[in-house]
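Following: one structure in structure tokens, then a few remarks.
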Amino acid sequence: TMMPPNSGAKVRGPPPEATLERGSLLWSEQEYQDGPQENLRQLQGYEADYARLVARSPEGFRDPKVLACALDLAVAYLKNYSIDKADSLYTATESYCLERGLPWDVKWLQDCATLRCKQARQLEAAVLLEEVARRTPPHPATLTNLGTVYNMLRQHDKAQEYFEAAMEVAGHDEPEKEDLWNIGIAKKHRGEYDEALPMLEKALKSWQEDAPDDDVTLAKLHDTVGSCCDLMGSLSFVHQQ
């Protein structure tokens, strides 16, 4: 079985002290770009390693090695779109990660928020990310993630506030290309096309100069600039009627 036998049991007493080292999370660091069959082969190998570790540990998720491997495997599942398997691991590990506190709780909250977005459950993702922001000092990545989720929820005023806060916390006196893209999208959704279009065009130009081989991002930016132009044209036509 993939779950420790006592993973659902309530065990009294604090768990043993342990740190969560990023360097030990090897499975989730893989890019999984070798095609579906090879990716599946790798994932099945990791599942076998994890199952052997679970079988050797009488403590279940109270064993920090088991808990760390579960979090590692869950992100590997996310990268391979094994959403149901990831969901099962996050459900099983929630209380153990939250009980341990930093950094276990924040990793669980961040990664589970990613899962909720993939499940189109953005409102739940926002709640999780708000909790990350409550538990940790202001960080550009957390604020940007919140802005992205609120954009998905069509709360564009709130999204722009978070994107601008991320830029401030990052210490950017002038918006960098990511700031231009994020704030530009929020402004586009708010109907502020005259402000949005120059920001989006500048973001596109910067990306073309800095990352000309980033075809996916460039395609998204071209699409965003084009849709902003279309919306400006539609609005102009309405005003002329």
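All residue names refer to the structure tokens as shown: chains lettered A, B, ... in order, residues numbered from 1 in each chain, ligands numbered from 1 in order.
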
Give me the residues near range 89-104 of chain A as a PDB file with all heavy atoms, in the first residue's frame, where near means some atom within 10 Å (using only C-alpha atoms) and where sequence neighbours in that chain fewer than 5 positions away do not count.
```
ATOM      1  N   MET A   2       0.327   2.365  -0.538  1.00  0.00           N
ATOM      2  CA  MET A   2       1.078   3.610  -0.611  1.00  0.00           C
ATOM      3  C   MET A   2       0.943   4.426   0.670  1.00  0.00           C
ATOM      4  O   MET A   2       1.642   5.412   0.860  1.00  0.00           O
ATOM      5  CB  MET A   2       0.587   4.455  -1.797  1.00  0.00           C
ATOM      6  CG  MET A   2       0.837   3.794  -3.141  1.00  0.00           C
ATOM      7  SD  MET A   2       2.599   3.652  -3.502  1.00  0.00           S
ATOM      8  CE  MET A   2       3.012   5.370  -3.751  1.00  0.00           C
ATOM      9  N   MET A   3       0.026   4.062   1.562  1.00  0.00           N
ATOM     10  CA  MET A   3      -0.192   4.807   2.788  1.00  0.00           C
ATOM     11  C   MET A   3       0.316   4.018   3.992  1.00  0.00           C
ATOM     12  O   MET A   3       0.084   2.808   4.079  1.00  0.00           O
ATOM     13  CB  MET A   3      -1.682   5.117   2.980  1.00  0.00           C
ATOM     14  CG  MET A   3      -2.262   5.989   1.892  1.00  0.00           C
ATOM     15  SD  MET A   3      -1.506   7.638   1.859  1.00  0.00           S
ATOM     16  CE  MET A   3      -2.292   8.300   0.377  1.00  0.00           C
ATOM     17  N   PRO A   4       0.988   4.675   4.937  1.00  0.00           N
ATOM     18  CA  PRO A   4       1.407   3.989   6.158  1.00  0.00           C
ATOM     19  C   PRO A   4       0.200   3.431   6.898  1.00  0.00           C
ATOM     20  O   PRO A   4      -0.878   4.026   6.864  1.00  0.00           O
ATOM     21  CB  PRO A   4       2.083   5.098   6.969  1.00  0.00           C
ATOM     22  CG  PRO A   4       2.484   6.119   5.969  1.00  0.00           C
ATOM     23  CD  PRO A   4       1.449   6.058   4.894  1.00  0.00           C
ATOM     24  N   SER A   7      -1.432   5.920   9.253  1.00  0.00           N
ATOM     25  CA  SER A   7      -1.460   7.298   8.782  1.00  0.00           C
ATOM     26  C   SER A   7      -2.727   8.020   9.200  1.00  0.00           C
ATOM     27  O   SER A   7      -2.749   9.247   9.279  1.00  0.00           O
ATOM     28  CB  SER A   7      -1.331   7.341   7.250  1.00  0.00           C
ATOM     29  OG  SER A   7      -2.416   6.682   6.640  1.00  0.00           O
ATOM     30  N   GLY A   8      -3.785   7.278   9.461  1.00  0.00           N
ATOM     31  CA  GLY A   8      -5.018   7.938   9.872  1.00  0.00           C
ATOM     32  C   GLY A   8      -5.203   7.961  11.366  1.00  0.00           C
ATOM     33  O   GLY A   8      -6.159   8.546  11.874  1.00  0.00           O
ATOM     34  N   LYS A  10      -4.621   8.861  15.350  1.00  0.00           N
ATOM     35  CA  LYS A  10      -4.227  10.038  16.118  1.00  0.00           C
ATOM     36  C   LYS A  10      -3.230   9.601  17.176  1.00  0.00           C
ATOM     37  O   LYS A  10      -3.559   8.823  18.075  1.00  0.00           O
ATOM     38  CB  LYS A  10      -5.464  10.663  16.770  1.00  0.00           C
ATOM     39  CG  LYS A  10      -5.194  12.036  17.360  1.00  0.00           C
ATOM     40  CD  LYS A  10      -4.926  13.058  16.267  1.00  0.00           C
ATOM     41  CE  LYS A  10      -4.734  14.454  16.845  1.00  0.00           C
ATOM     42  NZ  LYS A  10      -4.393  15.436  15.818  1.00  0.00           N
ATOM     43  N   PRO A  14       4.273  15.190  20.688  1.00  0.00           N
ATOM     44  CA  PRO A  14       4.817  15.906  19.527  1.00  0.00           C
ATOM     45  C   PRO A  14       5.624  14.968  18.642  1.00  0.00           C
ATOM     46  O   PRO A  14       6.217  14.004  19.124  1.00  0.00           O
ATOM     47  CB  PRO A  14       5.703  16.980  20.157  1.00  0.00           C
ATOM     48  CG  PRO A  14       6.104  16.399  21.482  1.00  0.00           C
ATOM     49  CD  PRO A  14       4.930  15.595  21.939  1.00  0.00           C
ATOM     50  N   PRO A  15       5.663  15.255  17.343  1.00  0.00           N
ATOM     51  CA  PRO A  15       6.469  14.423  16.444  1.00  0.00           C
ATOM     52  C   PRO A  15       7.947  14.701  16.663  1.00  0.00           C
ATOM     53  O   PRO A  15       8.316  15.745  17.211  1.00  0.00           O
ATOM     54  CB  PRO A  15       6.022  14.881  15.058  1.00  0.00           C
ATOM     55  CG  PRO A  15       5.603  16.303  15.256  1.00  0.00           C
ATOM     56  CD  PRO A  15       4.992  16.356  16.634  1.00  0.00           C
ATOM     57  N   PRO A  16       8.821  13.792  16.258  1.00  0.00           N
ATOM     58  CA  PRO A  16      10.258  14.028  16.406  1.00  0.00           C
ATOM     59  C   PRO A  16      10.704  15.227  15.575  1.00  0.00           C
ATOM     60  O   PRO A  16      10.186  15.462  14.485  1.00  0.00           O
ATOM     61  CB  PRO A  16      10.891  12.722  15.892  1.00  0.00           C
ATOM     62  CG  PRO A  16       9.841  12.095  15.031  1.00  0.00           C
ATOM     63  CD  PRO A  16       8.530  12.481  15.624  1.00  0.00           C
ATOM     64  N   GLU A  17      11.645  15.986  16.113  1.00  0.00           N
ATOM     65  CA  GLU A  17      12.151  17.165  15.414  1.00  0.00           C
ATOM     66  C   GLU A  17      12.843  16.743  14.114  1.00  0.00           C
ATOM     67  O   GLU A  17      13.569  15.744  14.075  1.00  0.00           O
ATOM     68  CB  GLU A  17      13.142  17.917  16.295  1.00  0.00           C
ATOM     69  CG  GLU A  17      12.510  18.607  17.490  1.00  0.00           C
ATOM     70  CD  GLU A  17      11.763  19.864  17.096  1.00  0.00           C
ATOM     71  OE1 GLU A  17      12.126  20.449  16.063  1.00  0.00           O
ATOM     72  OE2 GLU A  17      10.819  20.242  17.809  1.00  0.00           O
ATOM     73  N   ALA A  18      12.626  17.518  13.071  1.00  0.00           N
ATOM     74  CA  ALA A  18      13.295  17.238  11.792  1.00  0.00           C
ATOM     75  C   ALA A  18      13.160  18.449  10.890  1.00  0.00           C
ATOM     76  O   ALA A  18      12.149  19.152  10.925  1.00  0.00           O
ATOM     77  CB  ALA A  18      12.699  16.011  11.128  1.00  0.00           C
ATOM     78  N   THR A  19      14.199  18.689  10.093  1.00  0.00           N
ATOM     79  CA  THR A  19      14.143  19.752   9.102  1.00  0.00           C
ATOM     80  C   THR A  19      13.745  19.156   7.759  1.00  0.00           C
ATOM     81  O   THR A  19      13.906  17.955   7.519  1.00  0.00           O
ATOM     82  CB  THR A  19      15.502  20.450   8.964  1.00  0.00           C
ATOM     83  OG1 THR A  19      16.493  19.467   8.628  1.00  0.00           O
ATOM     84  CG2 THR A  19      15.898  21.138  10.255  1.00  0.00           C
ATOM     85  N   LEU A  20      13.216  20.004   6.907  1.00  0.00           N
ATOM     86  CA  LEU A  20      12.847  19.594   5.556  1.00  0.00           C
ATOM     87  C   LEU A  20      13.836  20.234   4.606  1.00  0.00           C
ATOM     88  O   LEU A  20      13.770  21.431   4.340  1.00  0.00           O
ATOM     89  CB  LEU A  20      11.412  20.034   5.241  1.00  0.00           C
ATOM     90  CG  LEU A  20      10.877  19.700   3.848  1.00  0.00           C
ATOM     91  CD1 LEU A  20      10.840  18.194   3.622  1.00  0.00           C
ATOM     92  CD2 LEU A  20       9.485  20.294   3.662  1.00  0.00           C
ATOM     93  N   GLU A  21      14.779  19.437   4.118  1.00  0.00           N
ATOM     94  CA  GLU A  21      15.833  19.945   3.239  1.00  0.00           C
ATOM     95  C   GLU A  21      15.391  19.870   1.784  1.00  0.00           C
ATOM     96  O   GLU A  21      14.997  18.810   1.300  1.00  0.00           O
ATOM     97  CB  GLU A  21      17.117  19.133   3.427  1.00  0.00           C
ATOM     98  CG  GLU A  21      17.681  19.165   4.843  1.00  0.00           C
ATOM     99  CD  GLU A  21      18.212  20.533   5.212  1.00  0.00           C
ATOM    100  OE1 GLU A  21      18.452  21.347   4.286  1.00  0.00           O
ATOM    101  OE2 GLU A  21      18.375  20.795   6.422  1.00  0.00           O
ATOM    102  N   PHE A  61       3.542   8.537   8.871  1.00  0.00           N
ATOM    103  CA  PHE A  61       3.840   9.924   8.526  1.00  0.00           C
ATOM    104  C   PHE A  61       4.466  10.702   9.681  1.00  0.00           C
ATOM    105  O   PHE A  61       4.917  11.832   9.484  1.00  0.00           O
ATOM    106  CB  PHE A  61       2.571  10.646   8.053  1.00  0.00           C
ATOM    107  CG  PHE A  61       2.107  10.211   6.689  1.00  0.00           C
ATOM    108  CD1 PHE A  61       0.774   9.910   6.453  1.00  0.00           C
ATOM    109  CD2 PHE A  61       2.998  10.104   5.639  1.00  0.00           C
ATOM    110  CE1 PHE A  61       0.340   9.509   5.209  1.00  0.00           C
ATOM    111  CE2 PHE A  61       2.585   9.697   4.380  1.00  0.00           C
ATOM    112  CZ  PHE A  61       1.247   9.406   4.160  1.00  0.00           C
ATOM    113  N   ARG A  62       4.518  10.129  10.880  1.00  0.00           N
ATOM    114  CA  ARG A  62       5.255  10.780  11.962  1.00  0.00           C
ATOM    115  C   ARG A  62       6.768  10.644  11.752  1.00  0.00           C
ATOM    116  O   ARG A  62       7.537  11.401  12.344  1.00  0.00           O
ATOM    117  CB  ARG A  62       4.842  10.182  13.312  1.00  0.00           C
ATOM    118  CG  ARG A  62       3.496  10.691  13.807  1.00  0.00           C
ATOM    119  CD  ARG A  62       3.063   9.983  15.068  1.00  0.00           C
ATOM    120  NE  ARG A  62       4.010  10.158  16.157  1.00  0.00           N
ATOM    121  CZ  ARG A  62       4.065  11.222  16.966  1.00  0.00           C
ATOM    122  NH1 ARG A  62       3.221  12.224  16.788  1.00  0.00           N
ATOM    123  NH2 ARG A  62       4.940  11.288  17.951  1.00  0.00           N
ATOM    124  N   ASP A  63       7.165   9.719  10.915  1.00  0.00           N
ATOM    125  CA  ASP A  63       8.569   9.595  10.519  1.00  0.00           C
ATOM    126  C   ASP A  63       8.855  10.692   9.493  1.00  0.00           C
ATOM    127  O   ASP A  63       8.250  10.716   8.419  1.00  0.00           O
ATOM    128  CB  ASP A  63       8.803   8.211   9.913  1.00  0.00           C
ATOM    129  CG  ASP A  63      10.254   7.986   9.500  1.00  0.00           C
ATOM    130  OD1 ASP A  63      10.989   8.970   9.286  1.00  0.00           O
ATOM    131  OD2 ASP A  63      10.644   6.816   9.356  1.00  0.00           O
ATOM    132  N   PRO A  64       9.759  11.629   9.791  1.00  0.00           N
ATOM    133  CA  PRO A  64       9.982  12.749   8.863  1.00  0.00           C
ATOM    134  C   PRO A  64      10.463  12.312   7.482  1.00  0.00           C
ATOM    135  O   PRO A  64      10.186  12.988   6.492  1.00  0.00           O
ATOM    136  CB  PRO A  64      11.028  13.607   9.573  1.00  0.00           C
ATOM    137  CG  PRO A  64      11.663  12.704  10.583  1.00  0.00           C
ATOM    138  CD  PRO A  64      10.604  11.736  10.992  1.00  0.00           C
ATOM    139  N   LEU A  67       7.305  11.351   5.634  1.00  0.00           N
ATOM    140  CA  LEU A  67       6.521  12.542   5.322  1.00  0.00           C
ATOM    141  C   LEU A  67       7.161  13.352   4.196  1.00  0.00           C
ATOM    142  O   LEU A  67       6.474  13.807   3.278  1.00  0.00           O
ATOM    143  CB  LEU A  67       6.377  13.399   6.584  1.00  0.00           C
ATOM    144  CG  LEU A  67       5.414  14.582   6.500  1.00  0.00           C
ATOM    145  CD1 LEU A  67       4.016  14.130   6.124  1.00  0.00           C
ATOM    146  CD2 LEU A  67       5.394  15.349   7.819  1.00  0.00           C
ATOM    147  N   ALA A  68       8.485  13.514   4.251  1.00  0.00           N
ATOM    148  CA  ALA A  68       9.182  14.255   3.197  1.00  0.00           C
ATOM    149  C   ALA A  68       9.043  13.565   1.849  1.00  0.00           C
ATOM    150  O   ALA A  68       8.817  14.212   0.824  1.00  0.00           O
ATOM    151  CB  ALA A  68      10.656  14.410   3.564  1.00  0.00           C
ATOM    152  N   ALA A  70       6.611  11.613   0.939  1.00  0.00           N
ATOM    153  CA  ALA A  70       5.219  11.754   0.499  1.00  0.00           C
ATOM    154  C   ALA A  70       5.013  13.103  -0.187  1.00  0.00           C
ATOM    155  O   ALA A  70       4.369  13.181  -1.242  1.00  0.00           O
ATOM    156  CB  ALA A  70       4.275  11.602   1.691  1.00  0.00           C
ATOM    157  N   LEU A  71       5.564  14.163   0.399  1.00  0.00           N
ATOM    158  CA  LEU A  71       5.455  15.486  -0.218  1.00  0.00           C
ATOM    159  C   LEU A  71       6.201  15.538  -1.550  1.00  0.00           C
ATOM    160  O   LEU A  71       5.753  16.172  -2.508  1.00  0.00           O
ATOM    161  CB  LEU A  71       6.000  16.549   0.734  1.00  0.00           C
ATOM    162  CG  LEU A  71       5.232  16.745   2.050  1.00  0.00           C
ATOM    163  CD1 LEU A  71       5.944  17.767   2.928  1.00  0.00           C
ATOM    164  CD2 LEU A  71       3.805  17.169   1.785  1.00  0.00           C
ATOM    165  N   LEU A  73       6.805  12.938  -3.577  1.00  0.00           N
ATOM    166  CA  LEU A  73       6.052  12.144  -4.553  1.00  0.00           C
ATOM    167  C   LEU A  73       4.798  12.884  -5.009  1.00  0.00           C
ATOM    168  O   LEU A  73       4.419  12.810  -6.189  1.00  0.00           O
ATOM    169  CB  LEU A  73       5.684  10.796  -3.948  1.00  0.00           C
ATOM    170  CG  LEU A  73       4.959   9.801  -4.858  1.00  0.00           C
ATOM    171  CD1 LEU A  73       5.793   9.475  -6.094  1.00  0.00           C
ATOM    172  CD2 LEU A  73       4.627   8.518  -4.087  1.00  0.00           C
ATOM    173  N   ALA A  74       4.158  13.619  -4.098  1.00  0.00           N
ATOM    174  CA  ALA A  74       2.938  14.342  -4.454  1.00  0.00           C
ATOM    175  C   ALA A  74       3.201  15.372  -5.546  1.00  0.00           C
ATOM    176  O   ALA A  74       2.400  15.520  -6.481  1.00  0.00           O
ATOM    177  CB  ALA A  74       2.347  15.014  -3.215  1.00  0.00           C
ATOM    178  N   VAL A  75       4.329  16.096  -5.461  1.00  0.00           N
ATOM    179  CA  VAL A  75       4.656  17.073  -6.505  1.00  0.00           C
ATOM    180  C   VAL A  75       5.001  16.363  -7.812  1.00  0.00           C
ATOM    181  O   VAL A  75       4.646  16.835  -8.896  1.00  0.00           O
ATOM    182  CB  VAL A  75       5.803  17.994  -6.056  1.00  0.00           C
ATOM    183  CG1 VAL A  75       6.225  18.921  -7.193  1.00  0.00           C
ATOM    184  CG2 VAL A  75       5.385  18.822  -4.850  1.00  0.00           C
ATOM    185  N   TYR A  77       3.624  13.658  -8.772  1.00  0.00           N
ATOM    186  CA  TYR A  77       2.289  13.354  -9.312  1.00  0.00           C
ATOM    187  C   TYR A  77       1.703  14.574 -10.013  1.00  0.00           C
ATOM    188  O   TYR A  77       1.139  14.469 -11.111  1.00  0.00           O
ATOM    189  CB  TYR A  77       1.360  12.909  -8.189  1.00  0.00           C
ATOM    190  CG  TYR A  77       1.525  11.489  -7.716  1.00  0.00           C
ATOM    191  CD1 TYR A  77       1.326  11.157  -6.369  1.00  0.00           C
ATOM    192  CD2 TYR A  77       1.852  10.471  -8.603  1.00  0.00           C
ATOM    193  CE1 TYR A  77       1.461   9.855  -5.925  1.00  0.00           C
ATOM    194  CE2 TYR A  77       1.995   9.162  -8.168  1.00  0.00           C
ATOM    195  CZ  TYR A  77       1.801   8.853  -6.823  1.00  0.00           C
ATOM    196  OH  TYR A  77       1.930   7.557  -6.388  1.00  0.00           O
ATOM    197  N   ASP A  84      -5.501  12.682  -8.919  1.00  0.00           N
ATOM    198  CA  ASP A  84      -6.171  11.940  -7.845  1.00  0.00           C
ATOM    199  C   ASP A  84      -5.160  11.372  -6.849  1.00  0.00           C
ATOM    200  O   ASP A  84      -5.390  11.387  -5.634  1.00  0.00           O
ATOM    201  CB  ASP A  84      -7.024  10.813  -8.422  1.00  0.00           C
ATOM    202  CG  ASP A  84      -8.248  11.339  -9.173  1.00  0.00           C
ATOM    203  OD1 ASP A  84      -8.600  12.517  -8.964  1.00  0.00           O
ATOM    204  OD2 ASP A  84      -8.840  10.579  -9.959  1.00  0.00           O
ATOM    205  N   LEU A 109       0.852  23.762   2.303  1.00  0.00           N
ATOM    206  CA  LEU A 109      -0.134  24.752   1.872  1.00  0.00           C
ATOM    207  C   LEU A 109       0.126  25.215   0.434  1.00  0.00           C
ATOM    208  O   LEU A 109      -0.797  25.307  -0.383  1.00  0.00           O
ATOM    209  CB  LEU A 109      -0.105  25.958   2.821  1.00  0.00           C
ATOM    210  CG  LEU A 109      -0.654  25.717   4.235  1.00  0.00           C
ATOM    211  CD1 LEU A 109      -0.177  26.819   5.178  1.00  0.00           C
ATOM    212  CD2 LEU A 109      -2.168  25.628   4.225  1.00  0.00           C
ATOM    213  N   ASP A 111       1.902  23.678  -2.000  1.00  0.00           N
ATOM    214  CA  ASP A 111       1.746  22.608  -2.986  1.00  0.00           C
ATOM    215  C   ASP A 111       0.291  22.201  -3.140  1.00  0.00           C
ATOM    216  O   ASP A 111      -0.175  21.894  -4.248  1.00  0.00           O
ATOM    217  CB  ASP A 111       2.596  21.398  -2.595  1.00  0.00           C
ATOM    218  CG  ASP A 111       4.085  21.686  -2.688  1.00  0.00           C
ATOM    219  OD1 ASP A 111       4.451  22.740  -3.258  1.00  0.00           O
ATOM    220  OD2 ASP A 111       4.885  20.862  -2.198  1.00  0.00           O
ATOM    221  N   CYS A 112      -0.460  22.204  -2.030  1.00  0.00           N
ATOM    222  CA  CYS A 112      -1.876  21.863  -2.125  1.00  0.00           C
ATOM    223  C   CYS A 112      -2.633  22.955  -2.878  1.00  0.00           C
ATOM    224  O   CYS A 112      -3.593  22.665  -3.600  1.00  0.00           O
ATOM    225  CB  CYS A 112      -2.467  21.658  -0.732  1.00  0.00           C
ATOM    226  SG  CYS A 112      -4.108  20.901  -0.756  1.00  0.00           S
ATOM    227  N   LEU A 115      -2.310  22.124  -6.427  1.00  0.00           N
ATOM    228  CA  LEU A 115      -3.257  21.056  -6.747  1.00  0.00           C
ATOM    229  C   LEU A 115      -4.659  21.622  -6.951  1.00  0.00           C
ATOM    230  O   LEU A 115      -5.343  21.276  -7.930  1.00  0.00           O
ATOM    231  CB  LEU A 115      -3.266  20.017  -5.621  1.00  0.00           C
ATOM    232  CG  LEU A 115      -4.406  18.988  -5.665  1.00  0.00           C
ATOM    233  CD1 LEU A 115      -4.261  18.077  -6.871  1.00  0.00           C
ATOM    234  CD2 LEU A 115      -4.457  18.185  -4.367  1.00  0.00           C
ATOM    235  N   ARG A 135       1.387  33.086   7.625  1.00  0.00           N
ATOM    236  CA  ARG A 135       2.389  32.373   8.414  1.00  0.00           C
ATOM    237  C   ARG A 135       3.820  32.774   8.112  1.00  0.00           C
ATOM    238  O   ARG A 135       4.742  32.392   8.839  1.00  0.00           O
ATOM    239  CB  ARG A 135       2.251  30.853   8.180  1.00  0.00           C
ATOM    240  CG  ARG A 135       0.960  30.262   8.728  1.00  0.00           C
ATOM    241  CD  ARG A 135       0.850  28.774   8.388  1.00  0.00           C
ATOM    242  NE  ARG A 135      -0.411  28.215   8.869  1.00  0.00           N
ATOM    243  CZ  ARG A 135      -0.517  27.104   9.607  1.00  0.00           C
ATOM    244  NH1 ARG A 135       0.577  26.432   9.936  1.00  0.00           N
ATOM    245  NH2 ARG A 135      -1.693  26.669  10.006  1.00  0.00           N
ATOM    246  N   THR A 136       4.048  33.496   7.025  1.00  0.00           N
ATOM    247  CA  THR A 136       5.419  33.790   6.589  1.00  0.00           C
ATOM    248  C   THR A 136       5.591  35.284   6.323  1.00  0.00           C
ATOM    249  O   THR A 136       4.609  35.997   6.082  1.00  0.00           O
ATOM    250  CB  THR A 136       5.760  33.023   5.304  1.00  0.00           C
ATOM    251  OG1 THR A 136       4.815  33.392   4.274  1.00  0.00           O
ATOM    252  CG2 THR A 136       5.690  31.523   5.519  1.00  0.00           C
TER     253      THR A 136
END
```

Subject >> Residues within 6 Å of Gln160 in chain A, only C-alpha atoms, excluding chain neighbours under 3 positions, as a PyMOL selection string >> reply: chain A and resi 157+163+183+186

Selection export as a compact mmCIF listing (two decimals), in the first residue's frame, atoms kept: C-alpha atoms:
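Produced file result-v5.txt, reproduced below:
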```txt
# COMPACT_ATOMS: atom_id res chain seq x y z
CA ASP A 157 -8.80 44.71 -8.33
CA PHE A 163 0.93 42.02 -8.13
CA ILE A 183 -0.15 43.99 -13.79
CA ALA A 186 -5.03 42.69 -14.37
```

**OP:** Can you list, as a PyMOL selection string, all residues belonging to range 80-220 of chain A that DSSP tags as helix (DSSP H, G or I)?
**Re:** chain A and resi 83-100+104-118+122-135+140-152+156-169+177-189+193-210+215-220

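Between CA of Leu53 in chain A and CA of Val66 in chain A the interatomic distance comes to 6.7 Å.
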
Subject >> Distance query Cys229 in chain A at most 12 Å, only C-alpha atoms, self and fewer than 3 positions along chain excluded, as an MDAnalysis selection string >> reply: chainID A and resid 188 191:198 200:201 222:226 232:236

**OP:** Tell me, as a ChimeraX atom specification, which residues lie within 12 Å of Asp34 in chain A, counting only C-alpha atoms; anything in the same chain fewer than 5 positions away does not count.
**Re:** /A:39-43,80

Could you turn the residues from that selection into a file that holds N, CA and C atoms, as a CSV table (one decimal), in the first residue's frame?
```csv
chain,number,residue,atom,x,y,z
A,39,ASN,N,8.3,8.9,-18.6
A,39,ASN,CA,7.8,9.6,-17.3
A,39,ASN,C,7.1,8.6,-16.4
A,40,LEU,N,6.3,7.8,-17.0
A,40,LEU,CA,5.5,6.8,-16.2
A,40,LEU,C,6.5,5.8,-15.6
A,41,ARG,N,7.5,5.4,-16.3
A,41,ARG,CA,8.5,4.4,-15.8
A,41,ARG,C,9.2,5.0,-14.6
A,42,GLN,N,9.6,6.3,-14.7
A,42,GLN,CA,10.3,7.0,-13.6
A,42,GLN,C,9.4,7.0,-12.4
A,43,LEU,N,8.1,7.4,-12.7
A,43,LEU,CA,7.2,7.6,-11.6
A,43,LEU,C,6.9,6.3,-10.8
A,80,ASN,N,3.0,15.2,-13.4
A,80,ASN,CA,2.6,14.2,-14.3
A,80,ASN,C,1.1,14.1,-14.4
```

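What separates CA of Ala51 in chain A from CA of Ala125 in chain A is a distance of 28.9 Å.
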
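Shell of Glu164 in chain A at 9 Å, with only C-alpha atoms counted and residues fewer than 5 places along the chain excluded, is A:Leu143, A:Thr144, A:Ala159, A:Val169, A:Asp179, A:Asn182, A:Ile183.
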
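CA of Asp214 in chain A to CA of Gly184 in chain A spans 19.4 Å [interatomic distance, one decimal].
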
**OP:** Rank A:Thr217, A:Gln155, A:Ser206, A:Gln30 by their smallest atom-to-atom distance to Glu176 in chain A, using only C-alpha atoms, and report the top residue only.
**Re:**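 For Glu176 in chain A, the nearest of the candidates is A:Ser206.
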